[in-house]
Structures are given as C-alpha cells and as structure tokens.
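These notes concern the structure reproduced below.
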Amino acid sequence: MAEELIVRADATRQERYAELLPQIRSLVGSESHLVANLANVAAALKQAFGFFWVGFYLVDGDTLVLGPFQGPIACTRIPYGKGVCGCAWKEARTVIVPDVDAFPGHIACSSASKSEIVVPVKVDGEVVAVLDVDSDRLDDFTAIDAAGLEAVVAALPWTRPA
Ligand code: SME
C-alpha cells in the first residue's frame, strides 16, 4: 500500500485527479473493507484538493446516513430527496451547486460551505451511497470535478447493501 499521497503542488485540478486516481486504485486494491476504503478516499481527496468537507453518505432504507468523512462534524441523516445529497440520490445523477444559498432545500451543516458537488454511487443501477464535497468558495466545481469524482467512486469496490 502506498504510505504517502503524491500530488504536485503546482498541478491543475484536472492533473490532480489524473495523478490521484492510480494512487486511489492502489490504495483500495489492497484492502477489502468498505469503511477503511471510504475513510482513506475521503482523506486523499481532502489532502489533494484542500476541500472544506469531503465525505460519504450511505443509503440505509429511505435515509442517507453519514459515513467516513474529513472536515467539521456534519448532519448524520438526510431523507430521500432532501438537500443536495438527497436530490443526487433521487435523481441518480451528479449535482453541482455553485451557490448553496440559492439551492432550495439545501441542508446547511456549516455556514462556511458555499458551493457543493454530490456524486451518486450506483451498483447495478441502484444508488447505494453518495460522495459529497463542499467548498468554502462560491462556484468552485465544474465538469472537471464531476468527471474526476465519478472516476474516483468508480474505482471503489462497491457492493449492494444487504
Ligand atoms: N449540504 C448537504 C448536507 C451534507 S453537508 O454538506 C456535509 C445537503 O444539502 O444535502
């Protein structure tokens, strides 16, 4: 297992995703426990990009429940269809919110969060989790982040919850 994450300080965001992906594949390839892998992936994304908050919410019945994350404490449960996370789950697509205050129903875990991207994780077409990333800057996420984060979640060995 790689002990150290290597991402060049002068790299663009797109280059960082490209450099990060093989390291994440290597990291999760040597470990089969989902929680361990989600914890390390959240840490790797936080370290590589310095995002304000990075974490996973896992589908449990009709609710998303907080999973491994990096950043300030967060709300633990999000109902289906609620907030940005619940919207990404319901619509089964990546949702980018340039200004969280302009998103109806946004769930504010911290007033420091200004923009957000949520990527759903699908197994056999069914959403089993979401990856939520918050920035303390407005309009911080683009299609580059959507593609990069979608590739990151696709690299994880997901299974459908029992
Ligand atoms: N803002 C999210 C809630 C989770 S926190 O950002 C960590 C939402 O509206 O779903």
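Within each chain, counting starts at residue 1; across the structure tokens, chains are named A, B, ... in the order shown, with ligands numbered 1 upward in that order.
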
**OP:** Write out as a VMD selection string the residues lying within 9 Å of Thr76 (chain A), counting only C-alpha atoms and excluding same-chain residues fewer than 5 positions away.
**Re:** chain A and resid 57 64 to 67

Original post:
Once you count only C-alpha atoms and all ligand atoms, which residues end up within 7 Å of ligand 1, and could you hand them over as an MDAnalysis selection string?
Top reply: chainID A and resid 53 74:75 78 82:86 105:109 132 134

Pull all heavy atoms from the residues just selected and write them as a compact mmCIF listing (two decimals), in the first residue's frame.
```txt
# COMPACT_ATOMS: atom_id res chain seq x y z
N TRP A 53 -15.00 20.15 3.04
CA TRP A 53 -15.60 18.94 3.62
C TRP A 53 -15.69 17.89 2.51
O TRP A 53 -16.11 18.20 1.39
CB TRP A 53 -17.00 19.24 4.17
CG TRP A 53 -17.56 18.20 5.09
CD1 TRP A 53 -17.46 18.19 6.46
CD2 TRP A 53 -18.34 17.04 4.74
NE1 TRP A 53 -18.10 17.08 6.96
CE2 TRP A 53 -18.66 16.36 5.94
CE3 TRP A 53 -18.78 16.49 3.53
CZ2 TRP A 53 -19.40 15.18 5.97
CZ3 TRP A 53 -19.52 15.32 3.55
CH2 TRP A 53 -19.83 14.67 4.76
N ALA A 74 -20.91 16.86 10.86
CA ALA A 74 -21.97 17.09 9.87
C ALA A 74 -23.26 16.42 10.31
O ALA A 74 -23.26 15.58 11.22
CB ALA A 74 -21.52 16.53 8.52
N CYS A 75 -24.36 16.77 9.63
CA CYS A 75 -25.63 16.13 9.95
C CYS A 75 -25.53 14.64 9.63
O CYS A 75 -24.85 14.24 8.68
CB CYS A 75 -26.78 16.78 9.19
SG CYS A 75 -26.48 17.00 7.46
N ILE A 78 -30.01 12.20 6.22
CA ILE A 78 -30.64 13.03 5.20
C ILE A 78 -31.72 12.19 4.52
O ILE A 78 -31.43 11.15 3.93
CB ILE A 78 -29.60 13.50 4.16
CG1 ILE A 78 -28.50 14.34 4.83
CG2 ILE A 78 -30.28 14.28 3.04
CD1 ILE A 78 -27.36 14.73 3.91
N LYS A 82 -34.13 14.97 -0.04
CA LYS A 82 -33.90 16.22 0.69
C LYS A 82 -32.45 16.69 0.51
O LYS A 82 -31.52 15.90 0.47
CB LYS A 82 -34.18 16.06 2.19
CG LYS A 82 -35.61 15.62 2.49
CD LYS A 82 -36.61 16.68 2.09
CE LYS A 82 -38.03 16.27 2.45
NZ LYS A 82 -39.05 17.17 1.89
N GLY A 83 -32.29 18.02 0.49
CA GLY A 83 -30.95 18.59 0.36
C GLY A 83 -30.31 18.24 -0.97
O GLY A 83 -30.93 17.62 -1.85
N VAL A 84 -29.06 18.64 -1.12
CA VAL A 84 -28.34 18.35 -2.36
C VAL A 84 -28.06 16.84 -2.44
O VAL A 84 -28.19 16.22 -3.50
CB VAL A 84 -27.02 19.15 -2.42
CG1 VAL A 84 -26.35 18.95 -3.77
CG2 VAL A 84 -27.26 20.64 -2.17
N CYS A 85 -27.71 16.26 -1.30
CA CYS A 85 -27.40 14.81 -1.28
C CYS A 85 -28.63 13.98 -1.64
O CYS A 85 -28.55 13.06 -2.46
CB CYS A 85 -26.88 14.41 0.10
SG CYS A 85 -25.26 15.10 0.49
N GLY A 86 -29.76 14.32 -1.01
CA GLY A 86 -30.99 13.57 -1.29
C GLY A 86 -31.46 13.76 -2.72
O GLY A 86 -32.06 12.85 -3.32
N GLY A 105 -33.90 24.05 -0.37
CA GLY A 105 -33.83 22.84 0.45
C GLY A 105 -32.43 22.42 0.83
O GLY A 105 -32.25 21.36 1.44
N HIS A 106 -31.42 23.23 0.47
CA HIS A 106 -30.05 22.90 0.86
C HIS A 106 -29.98 22.71 2.37
O HIS A 106 -30.56 23.48 3.14
CB HIS A 106 -29.09 24.02 0.44
CG HIS A 106 -27.73 23.89 1.03
ND1 HIS A 106 -27.28 24.68 2.06
CD2 HIS A 106 -26.73 23.04 0.73
CE1 HIS A 106 -26.06 24.31 2.38
NE2 HIS A 106 -25.69 23.34 1.59
N ILE A 107 -29.29 21.66 2.80
CA ILE A 107 -29.12 21.40 4.23
C ILE A 107 -27.77 21.95 4.65
O ILE A 107 -26.72 21.46 4.19
CB ILE A 107 -29.21 19.88 4.51
CG1 ILE A 107 -30.58 19.34 4.09
CG2 ILE A 107 -28.94 19.59 5.99
CD1 ILE A 107 -30.66 17.82 4.00
N ALA A 108 -27.79 22.98 5.46
CA ALA A 108 -26.54 23.66 5.86
C ALA A 108 -25.96 23.01 7.11
O ALA A 108 -26.47 23.18 8.21
CB ALA A 108 -26.81 25.14 6.11
N CYS A 109 -24.90 22.23 6.91
CA CYS A 109 -24.19 21.66 8.06
C CYS A 109 -23.22 22.68 8.61
O CYS A 109 -22.87 22.66 9.79
CB CYS A 109 -23.45 20.39 7.66
SG CYS A 109 -24.55 19.06 7.15
N ASP A 132 -20.10 13.43 -1.16
CA ASP A 132 -20.45 14.85 -1.02
C ASP A 132 -19.17 15.65 -0.79
O ASP A 132 -18.36 15.30 0.08
CB ASP A 132 -21.40 15.00 0.19
CG ASP A 132 -21.83 16.44 0.42
OD1 ASP A 132 -21.70 17.27 -0.51
OD2 ASP A 132 -22.31 16.73 1.53
N ASP A 134 -17.84 19.68 -0.26
CA ASP A 134 -18.21 21.07 -0.03
C ASP A 134 -16.98 21.96 -0.15
O ASP A 134 -15.89 21.57 0.27
CB ASP A 134 -18.76 21.26 1.40
CG ASP A 134 -20.14 20.68 1.58
OD1 ASP A 134 -20.38 19.58 1.06
OD2 ASP A 134 -20.96 21.31 2.25
```

**OP:** Could you give me, as a PyMOL selection string, each residue of region 63-152 of chain A that DSSP assigns to strand (DSSP E) when run on this structure's backbone?
**Re:** chain A and resi 63-70+77-79+95-97+115-123+126-135

Original post:
So which one's closest to Gly50 (chain A), A:Val133, A:Leu27, A:Ala112, A:Leu21? Using only C-alpha atoms, please.
Top reply: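 The answer is A:Val133, which sits nearest to Gly50 (chain A).
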
Original post:
If you count only C-alpha atoms, which residues fall within 8 Å of Pro120 (chain A), apart from same-chain ones fewer than 4 positions away, as a count of residues only?
Top reply: 10

Subject >> Proximity to Trp158 (chain A) - best of A:Asp145, A:His33, A:Asp136, A:Pro79, only C-alpha atoms >> reply: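 Checking each candidate against Trp158 (chain A), we get A:His33 as the closest.
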
Subject >> Residue with smallest distance to Ser111 (chain A) - pool A:Arg137, A:Lys90, A:Lys46, A:Arg13, counting only C-alpha atoms >> reply: A:Arg137

Original post:
Using only C-alpha atoms, which residues sit within 7 Å of Val100 (chain A) once same-chain residues fewer than 6 positions away are excluded, as a list in words?
Top reply: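 My reading of the contact set: His106, Lys114, Ser115 and Glu116 of chain A.
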
Export, as a CSV table (one decimal), in the first residue's frame, the selected residues with N, CA and C atoms.
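Output saved as again.csv:
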```
chain,number,residue,atom,x,y,z
A,106,HIS,N,-31.4,23.2,0.5
A,106,HIS,CA,-30.1,22.9,0.9
A,106,HIS,C,-30.0,22.7,2.4
A,114,LYS,N,-20.0,27.0,0.8
A,114,LYS,CA,-20.5,28.0,-0.2
A,114,LYS,C,-21.0,27.3,-1.5
A,115,SER,N,-20.3,26.3,-1.9
A,115,SER,CA,-20.7,25.5,-3.1
A,115,SER,C,-20.5,24.0,-2.8
A,116,GLU,N,-21.1,23.2,-3.7
A,116,GLU,CA,-21.1,21.8,-3.3
A,116,GLU,C,-21.3,20.9,-4.6
```

**OP:** Within region 19-144 of chain A, find each residue whose DSSP state, derived from the backbone, is alpha helix (DSSP H), and express the selection as JSON, numbers by chain.
**Re:** {"A": [19, 20, 21, 22, 23, 24, 25, 26, 27, 28, 29, 34, 35, 36, 37, 38, 39, 40, 41, 42, 43, 44, 45, 46, 47, 48, 49, 83, 84, 85, 86, 87, 88, 89, 90, 91, 143, 144]}

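Across the structure, CA of Asp99 (chain A) and CA of Phe52 (chain A) are spaced 14.5 Å apart.
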
Original post:
Could you pull the residues within 12 Å of Ala147 (chain A), counting only C-alpha atoms, minus those fewer than 2 positions along the same chain, as a PyMOL selection string?
Top reply: chain A and resi 13-14+17-18+21+93-96+117-119+141-145+149-154

**OP:** Just the residues within 12 Å of Asp10 (chain A), please, counting only C-alpha atoms, with nothing from its chain fewer than 5 positions along; format it as a ChimeraX atom specification.
**Re:** /A:15-16,48-49

Produce a file of the selected residues containing all heavy atoms, as a PDB file, in the first residue's frame.
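Output contents, as saved in out.pdb:
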```
ATOM      1  N   GLU A  15      -5.203  17.803 -13.529  1.00  0.00           N
ATOM      2  CA  GLU A  15      -3.985  16.995 -13.374  1.00  0.00           C
ATOM      3  C   GLU A  15      -3.986  16.275 -12.026  1.00  0.00           C
ATOM      4  O   GLU A  15      -3.537  15.137 -11.915  1.00  0.00           O
ATOM      5  CB  GLU A  15      -2.747  17.899 -13.477  1.00  0.00           C
ATOM      6  CG  GLU A  15      -2.491  18.411 -14.891  1.00  0.00           C
ATOM      7  CD  GLU A  15      -1.451  19.526 -14.953  1.00  0.00           C
ATOM      8  OE1 GLU A  15      -1.155  20.152 -13.905  1.00  0.00           O
ATOM      9  OE2 GLU A  15      -0.954  19.786 -16.058  1.00  0.00           O
ATOM     10  N   ARG A  16      -4.503  16.944 -11.017  1.00  0.00           N
ATOM     11  CA  ARG A  16      -4.545  16.305  -9.691  1.00  0.00           C
ATOM     12  C   ARG A  16      -5.434  15.063  -9.702  1.00  0.00           C
ATOM     13  O   ARG A  16      -5.091  14.045  -9.114  1.00  0.00           O
ATOM     14  CB  ARG A  16      -5.061  17.283  -8.638  1.00  0.00           C
ATOM     15  CG  ARG A  16      -4.022  18.283  -8.213  1.00  0.00           C
ATOM     16  CD  ARG A  16      -4.596  19.307  -7.263  1.00  0.00           C
ATOM     17  NE  ARG A  16      -3.740  20.469  -7.299  1.00  0.00           N
ATOM     18  CZ  ARG A  16      -3.284  21.098  -6.224  1.00  0.00           C
ATOM     19  NH1 ARG A  16      -3.637  20.697  -5.029  1.00  0.00           N
ATOM     20  NH2 ARG A  16      -2.496  22.137  -6.347  1.00  0.00           N
ATOM     21  N   ALA A  48      -5.523  16.162  -1.274  1.00  0.00           N
ATOM     22  CA  ALA A  48      -5.120  16.532  -2.629  1.00  0.00           C
ATOM     23  C   ALA A  48      -5.685  17.883  -3.056  1.00  0.00           C
ATOM     24  O   ALA A  48      -5.055  18.603  -3.829  1.00  0.00           O
ATOM     25  CB  ALA A  48      -5.549  15.453  -3.611  1.00  0.00           C
ATOM     26  N   PHE A  49      -6.886  18.216  -2.573  1.00  0.00           N
ATOM     27  CA  PHE A  49      -7.554  19.428  -3.067  1.00  0.00           C
ATOM     28  C   PHE A  49      -7.807  20.482  -1.986  1.00  0.00           C
ATOM     29  O   PHE A  49      -8.149  21.619  -2.305  1.00  0.00           O
ATOM     30  CB  PHE A  49      -8.890  19.060  -3.727  1.00  0.00           C
ATOM     31  CG  PHE A  49      -8.732  18.171  -4.926  1.00  0.00           C
ATOM     32  CD1 PHE A  49      -8.946  16.807  -4.837  1.00  0.00           C
ATOM     33  CD2 PHE A  49      -8.357  18.705  -6.152  1.00  0.00           C
ATOM     34  CE1 PHE A  49      -8.791  15.978  -5.937  1.00  0.00           C
ATOM     35  CE2 PHE A  49      -8.200  17.889  -7.268  1.00  0.00           C
ATOM     36  CZ  PHE A  49      -8.411  16.519  -7.162  1.00  0.00           C
TER      37      PHE A  49
END
```

**OP:** Name the residues in contact with Glu3 (chain A) at a cut-off of 12 Å, using only C-alpha atoms, excluding same-chain residues fewer than 6 positions from it; report them as a list in words.
**Re:**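 Near neighbours after the sequence-gap exclusion: Gln23, Ile24, Ser26, Leu27, Asn40 and Ala44 of chain A.
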
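Distances from A:Gly81, A:Pro68, A:Gly61, A:Pro104 to Leu34 (chain A) were compared using only C-alpha atoms, and the smallest one belongs to A:Pro68.
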
Subject >> Nearest residue to Leu58 (chain A) from the set A:Val7, A:Ile73, A:Val121, A:Leu20 (distances using only C-alpha atoms) >> reply: A:Val121
